[in-house]
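**Student:** Supplied structure: my_file04.cif, mmCIF, C-alpha atoms.
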```
data_final
#
loop_
_atom_site.group_PDB
_atom_site.id
_atom_site.type_symbol
_atom_site.label_atom_id
_atom_site.label_comp_id
_atom_site.auth_asym_id
_atom_site.auth_seq_id
_atom_site.Cartn_x
_atom_site.Cartn_y
_atom_site.Cartn_z
ATOM 1 C CA MET A 1 73.510 95.479 114.632
ATOM 2 C CA ALA A 2 74.623 93.174 111.816
ATOM 3 C CA LYS A 3 78.229 93.508 110.785
ATOM 4 C CA ALA A 4 78.740 95.071 107.360
ATOM 5 C CA PRO A 5 79.951 92.618 104.711
ATOM 6 C CA ALA A 6 83.673 92.651 103.977
ATOM 7 C CA PRO A 7 84.520 94.824 100.963
ATOM 8 C CA ASP A 8 85.418 92.985 97.763
ATOM 9 C CA HIS A 9 88.895 94.118 96.761
ATOM 10 C CA HIS A 10 88.504 92.570 93.296
ATOM 11 C CA THR A 11 85.480 94.646 92.321
ATOM 12 C CA TYR A 12 86.490 97.924 93.964
ATOM 13 C CA ASP A 13 86.052 100.780 91.491
ATOM 14 C CA LEU A 14 89.607 102.069 90.988
ATOM 15 C CA ASP A 15 88.494 104.242 88.079
ATOM 16 C CA ALA A 16 86.084 106.136 90.343
ATOM 17 C CA LEU A 17 88.871 106.591 92.897
ATOM 18 C CA GLU A 18 91.231 107.858 90.205
ATOM 19 C CA GLU A 19 88.645 110.305 88.875
ATOM 20 C CA ARG A 20 87.926 111.633 92.368
ATOM 21 C CA VAL A 21 91.545 112.033 93.498
ATOM 22 C CA ARG A 22 92.926 113.475 90.249
ATOM 23 C CA ARG A 23 90.848 116.628 90.867
ATOM 24 C CA GLU A 24 92.739 117.340 94.100
ATOM 25 C CA GLY A 25 95.352 120.099 94.050
ATOM 26 C CA GLY A 26 98.222 121.317 96.186
ATOM 27 C CA GLY A 27 101.848 120.368 96.634
ATOM 28 C CA GLU A 28 105.028 121.040 94.699
ATOM 29 C CA VAL A 29 106.993 118.806 92.333
ATOM 30 C CA ASP A 30 110.470 117.883 93.597
ATOM 31 C CA ASP A 31 113.261 119.683 91.741
ATOM 32 C CA SER A 32 116.368 117.947 93.096
ATOM 33 C CA ILE A 33 117.238 116.591 89.624
ATOM 34 C CA PRO A 34 116.022 117.730 86.179
ATOM 35 C CA GLN A 35 114.023 114.565 85.485
ATOM 36 C CA LEU A 36 111.952 115.033 88.647
ATOM 37 C CA ALA A 37 111.557 118.777 88.126
ATOM 38 C CA GLY A 38 110.125 118.117 84.658
ATOM 39 C CA ALA A 39 107.450 115.672 85.873
ATOM 40 C CA ASP A 40 103.861 116.338 84.792
ATOM 41 C CA PRO A 41 101.988 117.507 87.921
ATOM 42 C CA ASP A 42 98.799 115.960 86.531
ATOM 43 C CA PHE A 43 100.368 112.485 86.308
ATOM 44 C CA PHE A 44 98.386 110.076 88.504
ATOM 45 C CA GLY A 45 98.191 106.316 88.715
ATOM 46 C CA VAL A 46 96.925 103.801 91.253
ATOM 47 C CA ALA A 47 97.185 100.008 91.340
ATOM 48 C CA LEU A 48 96.289 97.045 93.548
ATOM 49 C CA ALA A 49 98.036 93.648 93.603
ATOM 50 C CA GLN A 50 96.025 90.865 95.229
ATOM 51 C CA ALA A 51 97.141 87.689 96.964
ATOM 52 C CA ASP A 52 95.807 85.621 94.040
ATOM 53 C CA GLY A 53 98.174 87.389 91.635
ATOM 54 C CA SER A 54 95.578 89.631 90.024
ATOM 55 C CA ILE A 55 96.672 93.205 89.299
ATOM 56 C CA ARG A 56 94.384 96.124 88.569
ATOM 57 C CA GLY A 57 95.338 99.690 87.797
ATOM 58 C CA SER A 58 93.772 102.980 86.822
ATOM 59 C CA GLY A 59 94.945 106.254 85.327
ATOM 60 C CA ASP A 60 98.661 106.270 84.536
ATOM 61 C CA ALA A 61 99.271 102.978 86.372
ATOM 62 C CA ASP A 62 101.257 101.498 83.468
ATOM 63 C CA VAL A 63 103.513 104.520 82.832
ATOM 64 C CA ALA A 64 107.101 104.226 84.056
ATOM 65 C CA PHE A 65 108.853 106.525 86.543
ATOM 66 C CA SER A 66 111.986 106.257 88.688
ATOM 67 C CA ILE A 67 111.352 104.486 91.981
ATOM 68 C CA GLN A 68 113.435 106.920 94.071
ATOM 69 C CA SER A 69 112.970 106.553 97.861
ATOM 70 C CA ALA A 70 110.305 103.869 97.480
ATOM 71 C CA VAL A 71 113.250 101.529 96.855
ATOM 72 C CA LYS A 72 114.358 101.744 100.509
ATOM 73 C CA PRO A 73 112.260 98.905 101.994
ATOM 74 C CA PHE A 74 113.502 96.569 99.284
ATOM 75 C CA LEU A 75 117.149 97.539 99.778
ATOM 76 C CA PHE A 76 116.667 96.819 103.476
ATOM 77 C CA ALA A 77 115.161 93.423 102.653
ATOM 78 C CA LEU A 78 118.043 92.495 100.335
ATOM 79 C CA ALA A 79 120.605 93.639 102.926
ATOM 80 C CA LEU A 80 118.926 91.524 105.615
ATOM 81 C CA VAL A 81 119.084 88.472 103.347
ATOM 82 C CA ASP A 82 122.657 89.039 102.185
ATOM 83 C CA THR A 83 124.014 89.686 105.702
ATOM 84 C CA ASP A 84 122.003 86.872 107.309
ATOM 85 C CA GLY A 85 120.237 89.452 109.459
ATOM 86 C CA ASP A 86 123.372 91.333 110.517
ATOM 87 C CA ALA A 87 122.017 94.484 108.864
ATOM 88 C CA LEU A 88 119.795 94.856 111.942
ATOM 89 C CA GLU A 89 122.975 95.446 113.951
ATOM 90 C CA ARG A 90 124.391 97.904 111.426
ATOM 91 C CA VAL A 91 121.416 100.251 111.103
ATOM 92 C CA GLY A 92 118.886 101.457 113.682
ATOM 93 C CA ILE A 93 115.138 101.016 113.382
ATOM 94 C CA GLU A 94 113.835 104.012 115.323
ATOM 95 C CA PRO A 95 111.884 106.938 113.776
ATOM 96 C CA THR A 96 113.736 110.252 113.755
ATOM 97 C CA GLY A 97 111.139 113.011 113.571
ATOM 98 C CA GLU A 98 113.523 114.713 111.140
ATOM 99 C CA ALA A 99 113.889 115.145 107.387
ATOM 100 C CA PHE A 100 114.842 112.130 105.264
ATOM 101 C CA ASP A 101 118.215 113.646 104.331
ATOM 102 C CA ALA A 102 119.177 115.043 107.754
ATOM 103 C CA ILE A 103 122.935 114.947 108.315
ATOM 104 C CA LYS A 104 122.678 112.927 111.488
ATOM 105 C CA LEU A 105 123.698 109.524 112.844
ATOM 106 C CA GLU A 106 122.919 107.760 116.113
ATOM 107 C CA SER A 107 124.853 109.238 119.016
ATOM 108 C CA GLY A 108 127.443 106.825 120.353
ATOM 109 C CA THR A 109 127.108 104.229 117.586
ATOM 110 C CA GLY A 110 127.543 106.148 114.332
ATOM 111 C CA ARG A 111 124.721 104.088 112.837
ATOM 112 C CA PRO A 112 122.029 105.548 110.588
ATOM 113 C CA PRO A 113 118.810 105.946 112.610
ATOM 114 C CA ASN A 114 116.750 103.675 110.334
ATOM 115 C CA PRO A 115 116.838 102.205 106.802
ATOM 116 C CA MET A 116 114.089 104.483 105.460
ATOM 117 C CA VAL A 117 116.145 107.702 105.667
ATOM 118 C CA ASN A 118 118.928 108.405 103.176
ATOM 119 C CA ALA A 119 121.785 107.507 105.509
ATOM 120 C CA GLY A 120 120.213 104.134 106.218
ATOM 121 C CA ALA A 121 119.514 103.436 102.548
ATOM 122 C CA LEU A 122 123.095 104.308 101.602
ATOM 123 C CA LEU A 123 124.300 101.778 104.158
ATOM 124 C CA THR A 124 121.834 99.005 103.287
ATOM 125 C CA ALA A 125 122.657 99.365 99.577
ATOM 126 C CA ALA A 126 126.326 99.011 100.500
ATOM 127 C CA LEU A 127 125.581 95.833 102.509
ATOM 128 C CA VAL A 128 124.055 94.039 99.521
ATOM 129 C CA ASP A 129 126.272 91.299 98.084
ATOM 130 C CA GLY A 130 128.727 92.253 95.347
ATOM 131 C CA GLY A 131 132.473 92.684 95.191
ATOM 132 C CA ASN A 132 132.224 96.152 93.670
ATOM 133 C CA ALA A 133 129.677 98.766 92.595
ATOM 134 C CA GLU A 134 128.809 96.879 89.423
ATOM 135 C CA GLY A 135 128.227 93.643 91.329
ATOM 136 C CA ARG A 136 125.976 95.367 93.853
ATOM 137 C CA ASP A 137 124.078 97.088 91.044
ATOM 138 C CA GLU A 138 123.407 93.730 89.414
ATOM 139 C CA ARG A 139 122.305 92.133 92.682
ATOM 140 C CA ILE A 140 119.966 95.038 93.492
ATOM 141 C CA LEU A 141 118.404 95.100 90.027
ATOM 142 C CA ARG A 142 117.942 91.322 90.102
ATOM 143 C CA GLY A 143 116.382 91.519 93.567
ATOM 144 C CA LEU A 144 114.040 94.384 92.684
ATOM 145 C CA SER A 145 112.959 92.536 89.545
ATOM 146 C CA ALA A 146 112.120 89.486 91.662
ATOM 147 C CA PHE A 147 109.969 91.668 93.931
ATOM 148 C CA ALA A 148 108.194 93.138 90.880
ATOM 149 C CA GLY A 149 107.800 89.807 89.096
ATOM 150 C CA ARG A 150 109.277 91.175 85.886
ATOM 151 C CA ALA A 151 112.567 92.509 84.541
ATOM 152 C CA LEU A 152 113.252 96.120 85.533
ATOM 153 C CA GLU A 153 115.705 98.612 84.057
ATOM 154 C CA VAL A 154 117.742 101.601 85.220
ATOM 155 C CA ASP A 155 117.231 105.098 83.795
ATOM 156 C CA GLU A 156 120.877 105.984 83.207
ATOM 157 C CA ASP A 157 120.253 109.741 83.000
ATOM 158 C CA VAL A 158 118.456 109.719 86.355
ATOM 159 C CA ALA A 159 121.239 107.610 87.902
ATOM 160 C CA ARG A 160 123.905 110.004 86.640
ATOM 161 C CA ASN A 161 122.151 113.074 88.034
ATOM 162 C CA GLU A 162 121.332 111.385 91.344
ATOM 163 C CA HIS A 163 125.034 110.636 91.713
ATOM 164 C CA LEU A 164 126.369 114.012 90.574
ATOM 165 C CA LEU A 165 123.786 116.214 92.324
ATOM 166 C CA GLY A 166 123.371 114.210 95.541
ATOM 167 C CA ASP A 167 125.517 116.499 97.704
ATOM 168 C CA ARG A 168 123.800 115.591 100.967
ATOM 169 C CA ASN A 169 124.118 111.892 100.193
ATOM 170 C CA HIS A 170 127.845 112.386 99.615
ATOM 171 C CA ALA A 171 128.050 114.233 102.953
ATOM 172 C CA LEU A 172 126.219 111.391 104.729
ATOM 173 C CA ALA A 173 128.476 108.774 103.147
ATOM 174 C CA HIS A 174 131.616 110.654 104.204
ATOM 175 C CA LEU A 175 130.220 111.062 107.721
ATOM 176 C CA MET A 176 129.550 107.324 107.985
ATOM 177 C CA ARG A 177 133.053 106.621 106.658
ATOM 178 C CA SER A 178 134.515 108.865 109.348
ATOM 179 C CA GLU A 179 132.524 106.978 112.004
ATOM 180 C CA GLY A 180 133.659 103.598 110.691
ATOM 181 C CA THR A 181 130.069 102.643 109.830
ATOM 182 C CA LEU A 182 130.494 102.452 106.059
ATOM 183 C CA ALA A 183 133.087 100.052 104.656
ATOM 184 C CA LEU A 184 132.748 101.152 101.015
ATOM 185 C CA GLY A 185 134.235 104.324 99.640
ATOM 186 C CA ALA A 186 131.796 107.210 99.947
ATOM 187 C CA ASP A 187 131.548 107.822 96.201
ATOM 188 C CA GLU A 188 130.961 104.131 95.475
ATOM 189 C CA ALA A 189 128.201 103.943 98.090
ATOM 190 C CA VAL A 190 126.437 106.979 96.620
ATOM 191 C CA GLU A 191 126.768 105.550 93.117
ATOM 192 C CA VAL A 192 125.147 102.256 94.139
ATOM 193 C CA TYR A 193 122.281 104.006 95.904
ATOM 194 C CA ALA A 194 121.805 106.468 93.027
ATOM 195 C CA ARG A 195 121.365 103.618 90.555
ATOM 196 C CA ALA A 196 118.886 101.900 92.870
ATOM 197 C CA CYS A 197 116.800 105.084 93.008
ATOM 198 C CA ALA A 198 116.894 105.293 89.209
ATOM 199 C CA VAL A 199 115.252 101.903 88.620
ATOM 200 C CA LEU A 200 112.137 102.315 86.489
ATOM 201 C CA VAL A 201 108.810 100.966 87.718
ATOM 202 C CA ASP A 202 105.164 101.748 87.167
ATOM 203 C CA ALA A 203 102.364 101.710 89.739
ATOM 204 C CA GLU A 204 101.401 98.145 88.811
ATOM 205 C CA ALA A 205 104.951 96.813 89.316
ATOM 206 C CA LEU A 206 105.310 98.765 92.555
ATOM 207 C CA ALA A 207 102.011 97.350 93.843
ATOM 208 C CA VAL A 208 103.322 93.819 93.231
ATOM 209 C CA MET A 209 106.499 94.725 95.122
ATOM 210 C CA GLY A 210 104.394 95.946 98.041
ATOM 211 C CA ALA A 211 102.277 92.798 97.891
ATOM 212 C CA THR A 212 105.374 90.593 98.000
ATOM 213 C CA LEU A 213 106.331 92.137 101.340
ATOM 214 C CA ALA A 214 102.733 92.053 102.594
ATOM 215 C CA LEU A 215 102.431 88.349 101.780
ATOM 216 C CA GLY A 216 105.456 87.155 103.707
ATOM 217 C CA GLY A 217 108.003 87.566 100.932
ATOM 218 C CA VAL A 218 106.116 85.518 98.317
ATOM 219 C CA ASN A 219 105.496 87.248 94.996
ATOM 220 C CA PRO A 220 101.773 86.686 94.260
ATOM 221 C CA VAL A 221 102.319 86.802 90.490
ATOM 222 C CA THR A 222 105.294 84.452 90.121
ATOM 223 C CA GLY A 223 104.884 82.423 93.326
ATOM 224 C CA HIS A 224 108.604 82.939 93.953
ATOM 225 C CA HIS A 225 109.710 83.198 97.605
ATOM 226 C CA VAL A 226 111.759 86.378 97.156
ATOM 227 C CA VAL A 227 112.762 86.842 100.819
ATOM 228 C CA PRO A 228 112.068 84.825 103.985
ATOM 229 C CA SER A 229 108.877 85.653 105.860
ATOM 230 C CA ARG A 230 110.836 86.961 108.869
ATOM 231 C CA VAL A 231 112.634 89.445 106.621
ATOM 232 C CA ALA A 232 109.329 90.606 105.112
ATOM 233 C CA ARG A 233 107.884 90.995 108.614
ATOM 234 C CA ASP A 234 110.830 93.088 109.805
ATOM 235 C CA VAL A 235 110.730 95.331 106.740
ATOM 236 C CA VAL A 236 106.980 95.966 106.931
ATOM 237 C CA ALA A 237 107.287 96.759 110.649
ATOM 238 C CA VAL A 238 109.905 99.429 109.952
ATOM 239 C CA MET A 239 107.799 100.796 107.084
ATOM 240 C CA ALA A 240 104.986 101.279 109.595
ATOM 241 C CA THR A 241 107.106 103.308 112.011
ATOM 242 C CA CYS A 242 109.507 105.111 109.649
ATOM 243 C CA GLY A 243 108.269 104.883 106.050
ATOM 244 C CA VAL A 244 106.767 108.371 105.783
ATOM 245 C CA TYR A 245 109.597 110.063 107.687
ATOM 246 C CA ASP A 246 108.470 112.675 110.208
ATOM 247 C CA GLY A 247 104.874 112.158 109.093
ATOM 248 C CA SER A 248 104.852 108.433 109.927
ATOM 249 C CA GLY A 249 102.784 108.747 113.095
ATOM 250 C CA ARG A 250 100.090 110.789 111.379
ATOM 251 C CA TRP A 251 100.148 108.355 108.455
ATOM 252 C CA MET A 252 99.592 105.295 110.615
ATOM 253 C CA ARG A 253 96.774 106.978 112.517
ATOM 254 C CA ARG A 254 94.920 108.134 109.427
ATOM 255 C CA VAL A 255 95.842 105.522 106.790
ATOM 256 C CA GLY A 256 96.986 102.617 108.950
ATOM 257 C CA ILE A 257 98.835 100.763 106.180
ATOM 258 C CA PRO A 258 102.633 100.372 106.296
ATOM 259 C CA ALA A 259 103.997 102.423 103.412
ATOM 260 C CA LYS A 260 107.023 104.106 101.897
ATOM 261 C CA SER A 261 106.866 107.485 100.212
ATOM 262 C CA SER A 262 109.116 108.821 97.457
ATOM 263 C CA VAL A 263 110.148 112.172 95.963
ATOM 264 C CA SER A 264 108.948 110.935 92.561
ATOM 265 C CA GLY A 265 105.458 111.082 94.070
ATOM 266 C CA ALA A 266 105.149 107.315 94.474
ATOM 267 C CA ILE A 267 103.853 105.568 97.568
ATOM 268 C CA VAL A 268 104.127 101.792 97.980
ATOM 269 C CA LEU A 269 101.771 100.201 100.510
ATOM 270 C CA SER A 270 101.866 96.755 102.122
ATOM 271 C CA ALA A 271 98.644 95.695 103.853
ATOM 272 C CA PRO A 272 99.872 92.715 105.916
ATOM 273 C CA GLY A 273 98.486 89.413 104.708
ATOM 274 C CA VAL A 274 96.078 91.100 102.296
ATOM 275 C CA LEU A 275 97.483 93.019 99.325
ATOM 276 C CA GLY A 276 99.937 95.537 97.962
ATOM 277 C CA ALA A 277 99.080 98.906 96.477
ATOM 278 C CA ALA A 278 100.849 101.808 94.840
ATOM 279 C CA VAL A 279 99.900 105.370 94.065
ATOM 280 C CA VAL A 280 101.940 107.902 92.094
ATOM 281 C CA SER A 281 101.409 111.635 91.699
ATOM 282 C CA PRO A 282 104.404 114.042 91.662
ATOM 283 C CA PRO A 283 103.218 117.080 93.720
ATOM 284 C CA LEU A 284 104.516 116.642 97.293
ATOM 285 C CA ASP A 285 103.601 118.065 100.689
ATOM 286 C CA ASP A 286 106.105 119.521 103.177
ATOM 287 C CA GLN A 287 107.073 116.013 104.379
ATOM 288 C CA GLY A 288 107.906 114.890 100.834
ATOM 289 C CA THR A 289 104.773 112.750 100.483
ATOM 290 C CA SER A 290 102.531 112.838 97.422
ATOM 291 C CA VAL A 291 99.465 114.971 98.150
ATOM 292 C CA ARG A 292 97.157 112.962 95.903
ATOM 293 C CA GLY A 293 98.892 109.760 96.972
ATOM 294 C CA ARG A 294 98.068 110.409 100.609
ATOM 295 C CA ILE A 295 94.431 111.173 99.808
ATOM 296 C CA ALA A 296 94.105 108.065 97.642
ATOM 297 C CA SER A 297 95.723 105.932 100.361
ATOM 298 C CA GLU A 298 93.277 107.219 102.971
ATOM 299 C CA LEU A 299 90.359 106.381 100.683
ATOM 300 C CA LEU A 300 91.708 102.904 99.908
ATOM 301 C CA SER A 301 92.192 102.238 103.610
ATOM 302 C CA GLU A 302 88.679 103.331 104.476
ATOM 303 C CA ASP A 303 86.861 101.814 101.497
ATOM 304 C CA LEU A 304 88.648 98.448 101.657
ATOM 305 C CA ASP A 305 88.924 98.258 105.459
ATOM 306 C CA LEU A 306 92.729 97.993 105.356
ATOM 307 C CA HIS A 307 93.693 99.929 108.502
ATOM 308 C CA VAL A 308 95.812 97.535 110.566
ATOM 309 C CA PHE A 309 94.007 98.683 113.716
ATOM 310 C CA GLY A 310 90.565 98.728 112.129
ATOM 311 C CA SER A 311 89.404 95.865 114.338
ATOM 312 C CA LEU A 312 89.620 98.198 117.356
ATOM 313 C CA ARG A 313 86.587 100.196 116.217
ATOM 314 C CA GLY A 314 83.691 100.060 118.664
#
```
Using structure tokens, write down the structure from this file.

**Tutor:**
Amino acid sequence: MAKAPAPDHHTYDLDALEERVRREGGGEVDDSIPQLAGADPDFFGVALAQADGSIRGSGDADVAFSIQSAVKPFLFALALVDTDGDALERVGIEPTGEAFDAIKLESGTGRPPNPMVNAGALLTAALVDGGNAEGRDERILRGLSAFAGRALEVDEDVARNEHLLGDRNHALAHLMRSEGTLALGADEAVEVYARACAVLVDAEALAVMGATLALGGVNPVTGHHVVPSRVARDVVAVMATCGVYDGSGRWMRRVGIPAKSSVSGAIVLSAPGVLGAAVVSPPLDDQGTSVRGRIASELLSEDLDLHVFGSLRG
């Protein structure tokens, strides 16, 4: 039997995908801060960023939202660069099978279990270069902008509420301080992470960020080598095993693209060596993953033959 021709990512009908997925229901909008609770449940955008720098989006792909937990892979990447790889000794890389904000550290080491849960992201944000919170904020915003290929901004209202209402993050920071894992003050660490979560992106910018990791750290739009290829490889590997929290195994079986979910309803995907993608839709399932985002990701994987283990089909 002749092998089917490879799908053309540049002519794939994103509008048809958007129309199909937008009709899907289910899930609940996150209500941890007022800005998330007030999100339009019908908001939906999808975007692809190709290796040649082309970007295509559909639906609300150019409408801004706060990046939230989708920032975690990029914080990990910046921490790896700024510590010359030492961040790999400071945070674990194993999946937990527990909620993203579980009050738990590795037994015997006091390390966060991985950089994709809140404890790990608090620590990696604290490991980024900067003599104080303001310096780290500037470094993170500059680094995220390099991943996106354009200047990004912080939503100050979101940052303030993330800081003030992030009780579990404060608890995690104090726990890491008590274990000697976190060198910064607990409040400063939470403030830095809160501002990182409050950075505004849209699906098109987030797709470029995912593509930069997928393409060995090179931004396909600007051509800038944002992080070394080894750093990009390590980050994408941890996205594959830990990026969708306790649903990561099911995600990799069904979607097969390393990804990171977010309580804003965003999902950033990095198809190694091929492209980046992003989907955003606020209603979440019980694992905190966008319901429509998961469906759209499954369709993209199948239609564009992006499953990393797709070559194993008989």

**Student:** Can you measure atom CA of Asp82 of chain A to atom CA of Met239 of chain A for me? One decimal in Å is fine.

**Tutor:**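 Going from atom CA of Asp82 of chain A over to atom CA of Met239 of chain A, I get 19.6 Å.
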
**Student:** Would you translate the PyMOL selection byres ((chain A and resi 268) around 7) into the concrete set of residues it matches in this file, as number ranges by chain?

**Tutor:** A: 70, 206-207, 210, 259-261, 266-267, 269-270, 277-279

**Student:** Taking 3 positions as the minimum chain separation for residues in the same chain, which residues sit within 10 Å of segment 99-112 of chain A when counting all atoms listed in the file? Answer as number ranges by chain.

**Tutor:** A: 69, 89-94, 96, 115-124, 168-169, 171-173, 175-182, 242-247, 286-288

**Student:** With only C-alpha atoms as the basis for distance, which of A:Ala148, A:Tyr193, A:Ala79, A:Pro73 is at the shortest distance from Val236 of chain A?

**Tutor:**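 Closest residue, counting only C-alpha atoms: A:Pro73.
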
**Student:** May I ask for the distance between atom CA of Leu284 of chain A and atom CA of Glu28 of chain A, given in Å to one decimal place?

**Tutor:**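 Separation of atom CA of Leu284 of chain A and atom CA of Glu28 of chain A: 5.1 Å.
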
**Student:** What does the distance between atom CA of Gly53 of chain A and atom CA of Leu304 of chain A come to in Å, to one decimal place?

**Tutor:**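 Atom-to-atom, atom CA of Gly53 of chain A to atom CA of Leu304 of chain A, that is 17.7 Å.
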
**Student:** Would you kindly return, as number ranges by chain, each protein, DNA or RNA residue with an atom no farther than 9 Å from any atom of segment 9-18 of chain A, considering all atoms listed in the file and excluding same-chain residues fewer than 2 positions away?

**Tutor:** A: 7, 20-23, 44-48, 50, 54, 56-59, 296, 299-300, 303-304

**Student:** Report the residues retrieved by the PyMOL selection byres ((chain A and resi 256) around 9) from the displayed file, expressed as a tab-separated table (two decimals) with C-alpha atoms, in the frame of the given file.

**Tutor:**
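What follows is the written file out_14.tsv:
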```tsv
chain	number	residue	atom	x	y	z
A	240	ALA	CA	104.99	101.28	109.60
A	251	TRP	CA	100.15	108.36	108.46
A	252	MET	CA	99.59	105.30	110.62
A	253	ARG	CA	96.77	106.98	112.52
A	254	ARG	CA	94.92	108.13	109.43
A	255	VAL	CA	95.84	105.52	106.79
A	257	ILE	CA	98.84	100.76	106.18
A	258	PRO	CA	102.63	100.37	106.30
A	259	ALA	CA	104.00	102.42	103.41
A	271	ALA	CA	98.64	95.70	103.85
A	298	GLU	CA	93.28	107.22	102.97
A	301	SER	CA	92.19	102.24	103.61
A	306	LEU	CA	92.73	97.99	105.36
A	307	HIS	CA	93.69	99.93	108.50
A	308	VAL	CA	95.81	97.54	110.57
A	309	PHE	CA	94.01	98.68	113.72
A	310	GLY	CA	90.56	98.73	112.13
```

**Student:** If the box runs along x, y and z of the file and leaves 3 Å on each side of segment 183-199 of chain A, what are its centre and edge lengths in Å, one decimal, as lines of an AutoDock Vina configuration file?

**Tutor:**
```
center_x = 124.7
center_y = 103.9
center_z = 96.6
size_x = 25.0
size_y = 13.8
size_z = 22.0
```

**Student:** Run the PyMOL selection byres ((chain A and resi 62) around 7) against the file shown and list the residues it catches, as a list in words.

**Tutor:**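 Applied to this file, the PyMOL selection byres ((chain A and resi 62) around 7) selects Asp60, Ala61, Val63, Ala64, Asp202, Ala203 and Glu204 of chain A.
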